[in-house]
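**Q** start-v3.txt is the file, holding compact mmCIF, C-alpha atoms:
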```
# COMPACT_ATOMS: atom_id res chain seq x y z
CA MET R 139 124.12 145.96 39.61
CA ALA R 140 124.85 144.13 36.38
CA GLN R 141 123.16 145.35 33.21
CA TYR R 142 121.20 142.13 32.72
CA GLN R 143 119.77 142.47 36.28
CA ALA R 144 118.70 146.04 35.55
CA ASP R 145 117.08 144.82 32.31
CA ILE R 146 115.14 142.10 34.14
CA ILE R 147 113.86 144.63 36.70
CA GLU R 148 112.86 146.98 33.92
CA GLN R 149 110.99 144.20 32.12
CA LEU R 150 109.22 143.08 35.29
CA ASN R 151 108.24 146.64 36.12
CA ALA R 152 106.79 146.98 32.62
CA ILE R 153 104.30 144.14 33.22
CA GLU R 154 100.79 145.41 33.80
CA VAL R 155 98.23 143.22 35.56
CA ASP R 156 94.54 143.81 34.88
CA ALA R 157 92.87 144.47 38.26
CA HIS R 158 89.51 143.18 37.00
CA TRP R 159 90.80 139.68 36.13
CA PHE R 160 93.12 139.71 39.13
CA ARG R 161 90.07 139.98 41.38
CA ARG R 162 88.29 137.20 39.48
CA ALA R 163 91.35 134.93 39.70
CA PHE R 164 91.58 135.64 43.45
CA HIS R 165 87.99 134.42 43.88
CA THR R 166 88.47 131.15 42.00
CA PHE R 167 91.80 130.63 43.80
CA ALA R 168 89.88 130.46 47.10
CA ALA R 169 88.49 127.03 46.12
CA SER R 170 92.03 125.74 46.82
CA PHE R 171 91.37 126.17 50.54
CA LEU R 172 89.30 122.98 50.36
CA VAL R 173 92.68 121.29 50.77
CA TYR R 174 92.06 122.04 54.48
CA TYR R 175 89.83 118.96 54.65
CA LEU R 176 92.64 116.68 53.48
CA ILE R 177 94.65 117.54 56.61
CA PRO R 178 94.14 115.04 59.47
CA GLU R 179 92.32 116.20 62.60
CA ASP R 180 94.01 113.99 65.18
CA GLY R 181 96.49 115.23 67.80
CA TRP R 182 98.51 118.41 67.43
CA ILE R 183 97.68 118.79 63.72
CA GLY R 184 94.07 119.36 64.71
CA VAL R 185 95.15 122.31 66.88
CA VAL R 186 97.45 123.67 64.16
CA LYS R 187 94.51 123.44 61.72
CA ILE R 188 92.71 126.06 63.81
CA ILE R 189 95.65 128.22 64.90
CA VAL R 190 97.30 128.73 61.48
CA PRO R 191 94.22 129.95 59.54
CA THR R 192 93.21 132.14 62.51
CA GLY R 193 96.72 133.62 62.60
CA ILE R 194 96.68 134.31 58.85
CA VAL R 195 93.33 136.11 59.04
CA ALA R 196 94.53 138.04 62.13
CA CYS R 197 97.63 139.21 60.19
CA ILE R 198 95.43 140.30 57.26
CA ALA R 199 93.18 142.19 59.71
CA ILE R 200 96.19 143.99 61.25
CA ILE R 201 97.52 144.98 57.80
CA ASP R 202 94.07 146.17 56.73
CA TYR R 203 93.69 148.14 59.96
CA GLY R 204 96.95 149.91 59.09
CA ARG R 205 95.63 150.64 55.61
CA ILE R 206 92.34 152.09 56.92
CA ARG R 207 94.21 154.26 59.43
CA GLY R 208 96.38 155.56 56.60
CA GLU R 209 99.64 154.11 57.93
CA LEU R 210 99.90 151.97 54.79
CA ASP R 211 99.27 153.55 51.41
CA HIS R 212 95.92 152.48 49.90
CA GLN R 213 97.52 152.59 46.42
CA ARG R 214 99.87 149.77 47.38
CA PHE R 215 96.95 147.35 47.70
CA PHE R 216 96.37 146.20 44.17
CA GLY R 217 92.83 145.53 42.97
CA LEU R 218 90.97 147.41 45.71
CA ARG R 219 87.89 149.36 44.72
CA GLY R 220 87.38 153.02 45.54
CA TYR R 221 84.64 152.36 48.11
CA GLU R 222 86.98 150.07 50.06
CA LYS R 223 89.25 152.96 50.99
CA GLY R 224 87.64 153.87 54.31
CA ARG R 225 86.36 150.44 55.36
CA PRO R 226 87.69 146.87 55.70
CA ALA R 227 88.63 145.47 52.29
CA SER R 228 86.61 142.69 50.68
CA TYR R 229 89.53 140.24 50.96
CA LEU R 230 89.34 140.57 54.75
CA TYR R 231 85.61 139.83 54.72
CA PHE R 232 86.31 136.90 52.42
CA GLY R 233 89.00 135.60 54.77
CA ILE R 234 86.82 135.90 57.88
CA GLY R 235 83.92 134.15 56.13
CA LEU R 236 86.21 131.38 54.95
CA LEU R 237 87.75 130.95 58.41
CA LEU R 238 84.33 130.70 60.08
CA LEU R 239 83.21 128.11 57.53
CA LEU R 240 86.33 125.98 57.91
CA VAL R 241 86.44 126.07 61.70
CA LEU R 242 82.78 126.17 62.77
CA PHE R 243 80.73 124.38 60.11
CA PRO R 244 80.77 120.75 58.93
CA GLN R 245 82.39 120.33 55.52
CA GLN R 246 79.07 119.23 53.94
CA ILE R 247 77.78 122.75 54.60
CA ALA R 248 81.07 124.66 54.22
CA ILE R 249 82.18 123.20 50.85
CA PRO R 250 79.25 124.39 48.70
CA CYS R 251 79.35 127.81 50.41
CA ILE R 252 83.07 128.16 49.59
CA LEU R 253 82.37 127.06 46.01
CA CYS R 254 79.65 129.72 45.75
CA ALA R 255 82.05 132.44 46.92
CA SER R 256 84.77 131.12 44.58
CA PHE R 257 82.77 130.62 41.41
CA THR R 258 79.22 132.02 41.66
CA ASP R 259 80.38 135.47 42.74
CA PRO R 260 82.73 136.05 39.76
CA LEU R 261 80.26 134.35 37.41
CA ILE R 262 77.47 136.76 38.41
CA GLY R 263 79.88 139.68 38.19
CA GLU R 264 81.06 138.70 34.71
CA SER R 265 77.71 137.65 33.22
CA ARG R 266 76.07 140.87 34.44
CA TYR R 267 77.81 142.70 31.58
CA TYR R 268 76.32 140.39 28.95
CA LEU R 269 73.00 139.20 30.40
CA GLY R 270 71.89 142.04 32.65
CA LYS R 271 71.41 141.92 36.41
CA LYS R 272 68.32 139.68 36.68
CA ARG R 273 69.54 136.98 34.31
CA ALA R 274 72.97 137.04 35.89
CA TYR R 275 71.45 136.35 39.31
CA ALA R 276 69.24 133.61 37.80
CA LEU R 277 72.38 132.01 36.33
CA GLY R 278 74.11 132.38 39.69
CA PHE R 279 71.17 130.64 41.37
CA VAL R 280 71.35 127.66 38.98
CA VAL R 281 75.12 127.33 39.36
CA SER R 282 74.87 127.57 43.17
CA MET R 283 72.18 124.88 43.14
CA PHE R 284 74.57 122.68 41.20
CA PHE R 285 77.26 123.15 43.88
CA PHE R 286 74.85 122.13 46.65
CA LEU R 287 73.57 119.15 44.63
CA LEU R 288 77.15 118.07 43.97
CA THR R 289 78.09 118.19 47.66
CA TRP R 290 74.88 116.54 48.90
CA TYR R 291 74.51 113.95 46.12
CA ARG R 292 74.56 111.11 48.66
CA ALA R 293 71.62 112.52 50.64
CA GLU R 294 67.97 111.55 50.09
CA TRP R 295 66.30 113.22 47.07
CA TRP R 296 64.04 115.51 49.15
CA VAL R 297 67.01 116.63 51.25
CA MET R 298 69.05 117.34 48.09
CA LEU R 299 66.21 119.40 46.65
CA MET R 300 65.56 121.33 49.86
CA VAL R 301 69.24 121.98 50.59
CA SER R 302 70.07 123.08 47.03
CA LEU R 303 67.08 125.45 46.85
CA LEU R 304 67.74 126.92 50.29
CA GLY R 305 71.51 127.13 49.85
CA ALA R 306 71.34 128.69 46.38
CA SER R 307 68.74 131.23 47.60
CA GLY R 308 70.99 132.17 50.52
CA ALA R 309 74.03 132.52 48.27
CA VAL R 310 72.26 134.72 45.70
CA ILE R 311 70.56 136.88 48.36
CA GLY R 312 73.93 137.23 50.12
CA GLU R 313 75.50 138.36 46.85
CA ALA R 314 72.65 140.60 45.71
CA LYS R 315 71.91 142.39 48.98
CA LYS R 316 74.49 145.16 49.27
CA LEU R 317 75.03 146.19 52.88
CA LYS R 318 77.05 149.17 54.06
CA LEU R 319 79.01 147.42 56.79
CA ILE R 320 79.22 143.83 55.59
CA ASP R 321 80.67 142.87 52.22
CA ASP R 322 78.90 140.46 49.86
CA ASP R 323 82.03 138.26 49.86
CA PHE R 324 81.20 137.48 53.50
CA MET R 325 77.45 137.19 53.05
CA ILE R 326 77.58 134.81 50.07
CA GLN R 327 79.45 132.33 52.29
CA ILE R 328 77.81 132.76 55.66
CA LEU R 329 74.11 133.28 54.83
CA PRO R 330 73.59 129.88 53.12
CA ALA R 331 75.70 128.21 55.83
CA ILE R 332 73.51 129.66 58.61
CA LEU R 333 70.30 128.73 56.79
CA LEU R 334 71.43 125.14 56.25
CA THR R 335 72.72 124.78 59.81
CA CYS R 336 69.33 125.93 61.16
CA VAL R 337 67.52 123.36 59.03
CA TRP R 338 70.02 120.62 59.89
CA GLN R 339 69.78 121.31 63.63
CA ALA R 340 65.97 121.62 63.52
CA LEU R 341 65.65 118.26 61.79
CA LEU R 342 68.19 116.78 64.16
CA LEU R 343 65.84 117.64 67.05
CA THR R 344 63.22 115.46 65.39
CA GLY R 345 65.77 112.64 65.23
CA ASN R 346 66.49 113.04 61.51
CA ASN R 347 70.16 113.65 60.61
CA ILE R 348 70.15 114.89 57.02
CA LEU R 349 73.93 115.42 56.78
CA PRO R 350 75.40 113.08 54.13
CA ALA R 351 78.84 111.42 54.34
CA PRO R 352 81.81 113.82 54.03
CA LEU R 353 83.06 114.49 50.52
CA ILE R 354 86.76 114.92 51.33
CA HIS R 355 88.61 112.40 53.51
CA PRO R 356 91.67 113.42 55.57
CA ILE R 357 94.93 111.79 54.57
CA MET O 249 126.18 157.58 38.66
CA ASN O 250 124.42 158.29 41.95
CA GLY O 251 121.23 159.15 40.07
CA SER O 252 121.25 155.86 38.15
CA THR O 253 121.88 153.82 41.35
CA HIS O 254 119.04 155.65 43.07
CA SER O 255 116.62 154.98 40.20
CA GLN O 256 117.62 151.31 40.19
CA LYS O 257 116.96 151.09 43.94
CA GLU O 258 113.61 152.77 43.41
CA ALA O 259 112.78 150.29 40.65
CA ILE O 260 113.58 147.35 42.97
CA GLN O 261 111.48 148.85 45.76
CA ASN O 262 108.56 149.39 43.41
CA LEU O 263 108.88 145.82 42.22
CA LEU O 264 108.93 144.46 45.77
CA LEU O 265 105.77 146.42 46.57
CA ARG O 266 103.90 145.14 43.54
CA LEU O 267 101.89 142.49 45.34
CA GLU O 268 100.06 141.45 42.19
CA LEU O 269 103.28 140.23 40.58
CA TRP O 270 104.08 138.10 43.63
CA PHE O 271 100.56 136.72 43.87
CA ALA O 272 99.96 136.03 40.17
CA PRO O 273 102.00 132.78 39.89
CA MET O 274 100.47 131.51 43.16
CA LEU O 275 96.93 132.27 41.93
CA ILE O 276 97.54 130.05 38.93
CA ILE O 277 99.70 127.22 40.30
CA VAL O 278 98.08 126.47 43.70
CA PRO O 279 94.52 125.71 42.48
CA LEU O 280 95.88 123.49 39.72
CA ALA O 281 98.06 121.60 42.22
CA VAL O 282 95.14 121.18 44.67
CA SER O 283 92.75 119.97 41.99
CA LEU O 284 95.26 117.49 40.59
CA PHE O 285 95.99 116.24 44.12
CA LEU O 286 92.25 115.65 44.73
CA VAL O 287 91.99 113.69 41.46
CA TRP O 288 95.10 111.69 42.35
CA ASP O 289 93.74 111.01 45.86
CA TRP O 290 90.46 109.78 44.36
CA TYR O 291 92.41 107.37 42.17
CA ALA O 292 94.94 106.22 44.79
CA ARG O 293 92.63 105.73 47.78
CA GLY O 294 89.29 105.29 46.02
CA SER O 295 89.07 104.13 42.43
CA SER O 296 92.04 101.74 42.50
CA LEU O 297 90.59 100.03 45.61
CA GLY O 298 87.04 100.04 44.29
CA LEU O 299 85.75 102.54 46.88
CA SER O 300 83.06 104.95 45.70
CA SER O 301 83.25 107.11 48.86
CA TYR O 302 86.10 109.08 47.24
CA ASP O 303 84.10 110.04 44.14
CA GLY O 304 83.33 113.42 45.67
CA GLU O 305 87.03 114.29 45.60
CA LEU O 306 87.09 113.61 41.85
CA LEU O 307 84.09 115.86 41.29
CA LEU O 308 85.58 118.65 43.39
CA GLY O 309 89.01 118.25 41.76
CA LEU O 310 87.53 118.56 38.28
CA LEU O 311 85.36 121.51 39.32
CA ILE O 312 88.32 123.41 40.80
CA LEU O 313 90.44 122.57 37.76
CA CYS O 314 87.87 123.72 35.16
CA GLY O 315 86.78 126.80 37.13
CA ASN O 316 90.33 127.98 37.63
CA LEU O 317 91.48 127.24 34.08
CA ALA O 318 88.63 129.36 32.72
CA THR O 319 89.63 132.33 34.88
CA ASP O 320 93.39 131.80 34.49
CA ILE O 321 93.23 131.91 30.69
CA ALA O 322 91.40 135.26 30.78
CA PHE O 323 93.76 136.50 33.51
CA ILE O 324 96.93 135.57 31.58
CA ARG O 325 95.51 137.01 28.36
CA SER O 326 94.83 140.31 30.13
CA ILE O 327 98.45 140.49 31.28
CA ARG O 328 99.74 139.87 27.74
CA THR O 329 97.40 142.42 26.18
CA LEU O 330 98.51 145.13 28.54
CA ARG O 331 102.13 144.22 28.06
CA LYS O 332 101.75 144.55 24.28
CA LYS O 333 100.10 147.92 24.70
CA GLY O 334 103.14 149.06 26.72
```
Rewrite the structure of this file - the entire thing - as structure tokens.
**A**
Amino acid sequence: MAQYQADIIEQLNAIEVDAHWFRRAFHTFAASFLVYYLIPEDGWIGVVKIIVPTGIVACIAIIDYGRIRGELDHQRFFGLRGYEKGRPASYLYFGIGLLLLLVLFPQQIAIPCILCASFTDPLIGESRYYLGKKRAYALGFVVSMFFFLLTWYRAEWWVMLMVSLLGASGAVIGEAKKLKLIDDDFMIQILPAILLTCVWQALLLTGNNILPAPLIHPI
Amino acid sequence: MNGSTHSQKEAIQNLLLRLELWFAPMLIIVPLAVSLFLVWDWYARGSSLGLSSYDGELLLGLLILCGNLATDIAFIRSIRTLRKKG
């Protein structure tokens, strides 16, 4: 190996990444998955749209299974918290939640839930240090409401109000309620989605479709 | 000689296993690319043709851009700080 190559490796090995901000950046990165809705749904691409994300999450699950069993060293997984050692990691919960939203829910419901997981979660986590728990959750509620208002801005005013209040409540409860088996990264996405789907379907039975026009149009 | 080759190999292996270094550029570049694409799509298929149905893509694009820039700046700063400490 040439000297300059050894120097480059040494320099790269010297770089330290802060796990705290790495986790935050991973959350906000997840908003990029909204690109999914730009992909057309017709023909074979529609099938690929389901198979590829499912395959990716399945691979993550297999790797994480190996980590939990001890076949893969826990230390190799950067950014994991201590309590994640003996249970599925939060990134797996995040991936499963994201997959369910993309595949099973309409984008009008899935988009604000993904935005909540991407931005509200790190915002609550970060502001908790400065504002305290209660104010951080209040801030998270307001920001989540904004995401639901933004996605449903074409709906009628009473629908916007109801959806944003319900969705934001679901997101904050999902984040605040710490469960042993299910991670908050899953709950913050799925709880508001289930609540909104129930309301949407219930109103649909009365002949009232509250779902506004989609926000993202396939290419 | 053998010792130095072995340590170099170990250094390469450690580097390959450092997932955070492989992910870091992706965490920064992909959201910026997606947000800029959404803004461009709003302009190309919506604004330039006078269609307001694409306005949502602009809003989402700007939201993803601002949200990620805020985190990325703090993330990059944290890398630099730790590097200086070293």
**Q** At a cut-off of 6 Å, which residues of chain O touch chain R? Count all atoms listed in the file and give the answer as a ChimeraX atom specification.
**A** /O:275,279,282,304-305,316,319,323,326-327,330-331
**Q** Could you save those same residues with C-alpha atoms as a PDB file, keeping the file's coordinate frame?
**A**
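Output (selection-v2.pdb):
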```pdb
ATOM      1  CA  LEU O 275      96.930 132.270  41.930  1.00  0.00           C
ATOM      2  CA  PRO O 279      94.520 125.710  42.480  1.00  0.00           C
ATOM      3  CA  VAL O 282      95.140 121.180  44.670  1.00  0.00           C
ATOM      4  CA  GLY O 304      83.330 113.420  45.670  1.00  0.00           C
ATOM      5  CA  GLU O 305      87.030 114.290  45.600  1.00  0.00           C
ATOM      6  CA  ASN O 316      90.330 127.980  37.630  1.00  0.00           C
ATOM      7  CA  THR O 319      89.630 132.330  34.880  1.00  0.00           C
ATOM      8  CA  PHE O 323      93.760 136.500  33.510  1.00  0.00           C
ATOM      9  CA  SER O 326      94.830 140.310  30.130  1.00  0.00           C
ATOM     10  CA  ILE O 327      98.450 140.490  31.280  1.00  0.00           C
ATOM     11  CA  LEU O 330      98.510 145.130  28.540  1.00  0.00           C
ATOM     12  CA  ARG O 331     102.130 144.220  28.060  1.00  0.00           C
TER      13      ARG O 331
END
```
**Q** Please compute the atom CA of O:Leu284-atom CA of O:Cys314 distance, one decimal, in Å.
**A**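 Separation of atom CA of O:Leu284 and atom CA of O:Cys314: 11.1 Å.
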**Q** Please compute the atom CA of R:Met283-atom CA of R:Asn347 distance, one decimal, in Å.
**A** 20.9 Å
**Q** Measuring between all atoms listed in the file, which one of O:Leu308, O:Asp289, O:Asp303, O:Leu317 shows the shortest distance to O:Ile277?
**A** O:Leu317
**Q** Separation of atom CA of R:Ile177 and atom CA of R:Pro356, in Å?
**A** 5.2 Å
**Q** List as a VMD selection string the protein and nucleic acid residues near stretch 182-191 of chain R, meaning an atom at most 9 Å away when only C-alpha atoms are counted, but skip any in the same chain fewer than 4 places from it.
**A** chain R and resid 174 177 to 178 195 to 196 237 240 to 241
**Q** Might I get the box with edges along x, y and z of the file that holds all atoms of stretch 304-321 of chain O listed there, padded by 5 Å on every side, given as centre and edge lengths in Å to one decimal, as JSON?
**A**
```
{"center_x": 88.4, "center_y": 122.9, "center_z": 38.2, "size_x": 20.1, "size_y": 28.9, "size_z": 25.0}
```
**Q** Check the smallest atom-to-atom distance from each of R:Ala293, R:Leu342, R:Val310, R:Glu222 to R:Gln246 using all atoms listed in the file, then report the winner.
**A** R:Ala293
